[in-house]
Amino acid sequence: MDLPSAFQQRIRGQLPTEADLLFGALAEAAPVSIRLNPYKPLPHLPELPQTLWNKDGRYLPIRPSFTLDPAFHAGMYYVQEASSMSIGFVLDQLDLQGALALDLCAAPGGKSTLLATHLYEKGGMVLANEVIKSRAQTLKENVIKWGLPNVAVCNLDPKHFEKSRVSFDLVLVDAPCSGEGMFRKDEAAREEWSEEHVGLCASRQKRILSDILPSLKAGGYIIYSTCTWSEEENEANMEWLALEHGVHTLPIPFPAAWNITKKEKNGSIGYAFYPHKTSGEGFFIALLQKKGEAVHSAKKEASYPGKPAKEDLGFSLKNKPYLFDWYDGKYAVPENIKELAGELFHSLPLIYIGTKVAEQAGRDWKPAAELAFSLLSDPNAFPEIELTRKEALHFLRRDDLKFPEQPLGWLKLNYLGQGLGFVKNLGNRSNSQYPKEWRILMNLPEELPGLWY
Ligand code: SAM
């Protein structure tokens with residue numbers, strides 16, 4: 001489908017001398033990019049072009065079948081559009097030591113996993129929220145596979161947060177938008193686009209922003225982003241925040257050589273990524289700060305459901321996390337975020353937090369599937385078996401695997417050194433612990449396609 005003509009007119013108004021260059025770029029194939037998980041390094045990382053604004057971002061020469069790559073399932077990298085990784089550069093500008101961050105529109109989880117990575121060593125925590133239930137499940141899966149235990153997940157409408165009394169140092173609003181920046185990747189985005197839709201999106205974005213503002217601490221930051229270039233959804237919304245709510249944008253020191261376009265409307269600033277100027281899709285980002293002194297360490301009440309679990313799992317965890325009972329098993333969070341996690345528990349209905357480490361098995365505890373992916377998994381806790389790519393894919397399909405040479409009992413299965421799951425080895429067969437809802441449905445081809453590493 002051709003670019004909508006009203007869209008073309010808009011762009012000619014916005015970029016009079018560059019519109020044809022942009023339309024040309026939109027007719028080309030989109031670059032394929034991934035973000036590496038620095039906590040799960042690939043053993044042999046090839047030399048690849050890096051994203052200018054994020055040291056973990058790489059451009060791939062081909063679009064491989066990610067489904068047929070066990071490293072992808074093990075959370076060793078995330079497939080993410082390159083421009084949106086610029087959030088990493090914005091985070092680098094802020095003091096986020098011990099910060100509690102909310103990713104308000106989080107599914108499928110690209111920015112939540114980026115945020116969690118950024119905050120992990122700073123003792124910070126992310127609450128990843130998604131309003132649509134089925135998408136919240138995908139978000140949870142992606143957060144679990146990424147493996148960082150400083151994340152909680154919830155499934156709430158933005159208007160719910162004000163009542164909860166919890167307040168955040170940083171709120172990321174990656175707003176649902178008219179999707180102009182996705183035109184070359186996604187045919188449906190072209191079909192859905194209309195002037196009316198742009199207007200509807202802009203009003204929805206205002207609603208989302210005004211719903212969440214009361215939950216931002218004084219001195220706290222908002223990162224607002226969209227994948228569109230329409231002024232109504234971007235600069236105009238930033239101007240509206242300044243006029244209606246007294247929340248002002250801050251400059252982001254993107255180097256000029258990166259070719260990111262500064263947008264300004266009556267003193268409100270944002271930055272646009274155009275694919276004829278930067279290697280990535282269309283994107284807009286703005287940084288805002290709520291007036292007042294930062295109140296970083298003002299602790300709210302923290303509480304946990306159930307009791308702190310006794311250390312009776314029968315297997316060890318790494319770095320002695322705080323262990324507690326929650327509805328379907330035992331969960332753990334790192335000691336240094338115990339207070340932040342407790343504050344979330346106290347205030348909001350969560351669907352996941354930290355790492356689920358164990359489930360009841362009769363009178364004993366068995367390792368939870370989630371633990372295999374987590375940085376809290378202790379490499380000395382279970383015999384670890386390195387799988388070939390083909391074996392790993394069979395495991396991910398929940399096909400029968402046998403380990404007659406290995407010890408009986410729980411085995412942790414790895415691919416390139418990173419956990420994929422557990423099986424209970426019975427000698428002549430094994431029972432898989434891999435969740436049914438995550439399994440690969442695709443039949444494996446006789447010959448597996450090439451990988452990018
Ligand atoms: N941040 C995500 C990432 O990086 O993977 C992408 C988020 S996508 C641009 C916007 C999300 O907002 C979608 O998951 C969508 O379901 C959600 N959404 C839709 N309507 C919403 C609303 N009224 N309030 C909050 N979120 C909404």
# chains A, B, ... in the order shown; residues from 1 in each chain; ligands from 1
call {"tool": "residues_around", "arguments": {"residues": "Tyr221 in chain A", "least_positions_apart": "4", "cutoff": "7 Å", "atoms": "only C-alpha atoms", "output": "PyMOL selection string"}}
result
chain A and resi 169-171+288-290
call {"tool": "residues_near_ligand", "arguments": {"ligand": "ligand 1", "cutoff": "9 Å", "atoms": "only C-alpha atoms and all ligand atoms", "output": "PyMOL selection string"}}
result
chain A and resi 80-81+84-85+103-114+129-133+135-136+139+156-159+172-177+179+204-205+207-208+225-227
call {"tool": "residues_around", "arguments": {"residues": "Pro435 in chain A", "least_positions_apart": "3", "cutoff": "10 Å", "atoms": "only C-alpha atoms", "output": "ChimeraX atom specification"}}
result
/A:368-370,396-398,421,432,438-439
call {"tool": "select_by_dssp", "arguments": {"residues": "range 169-287 of chain A", "states": "alpha helix (DSSP H)", "output": "number ranges by chain"}}
result
A: 187-192, 195-212, 235-245
call {"tool": "atom_distance", "arguments": {"atom1": "CA of Gln406 in chain A", "atom2": "CA of Phe315 in chain A"}}
result
18.2 Å
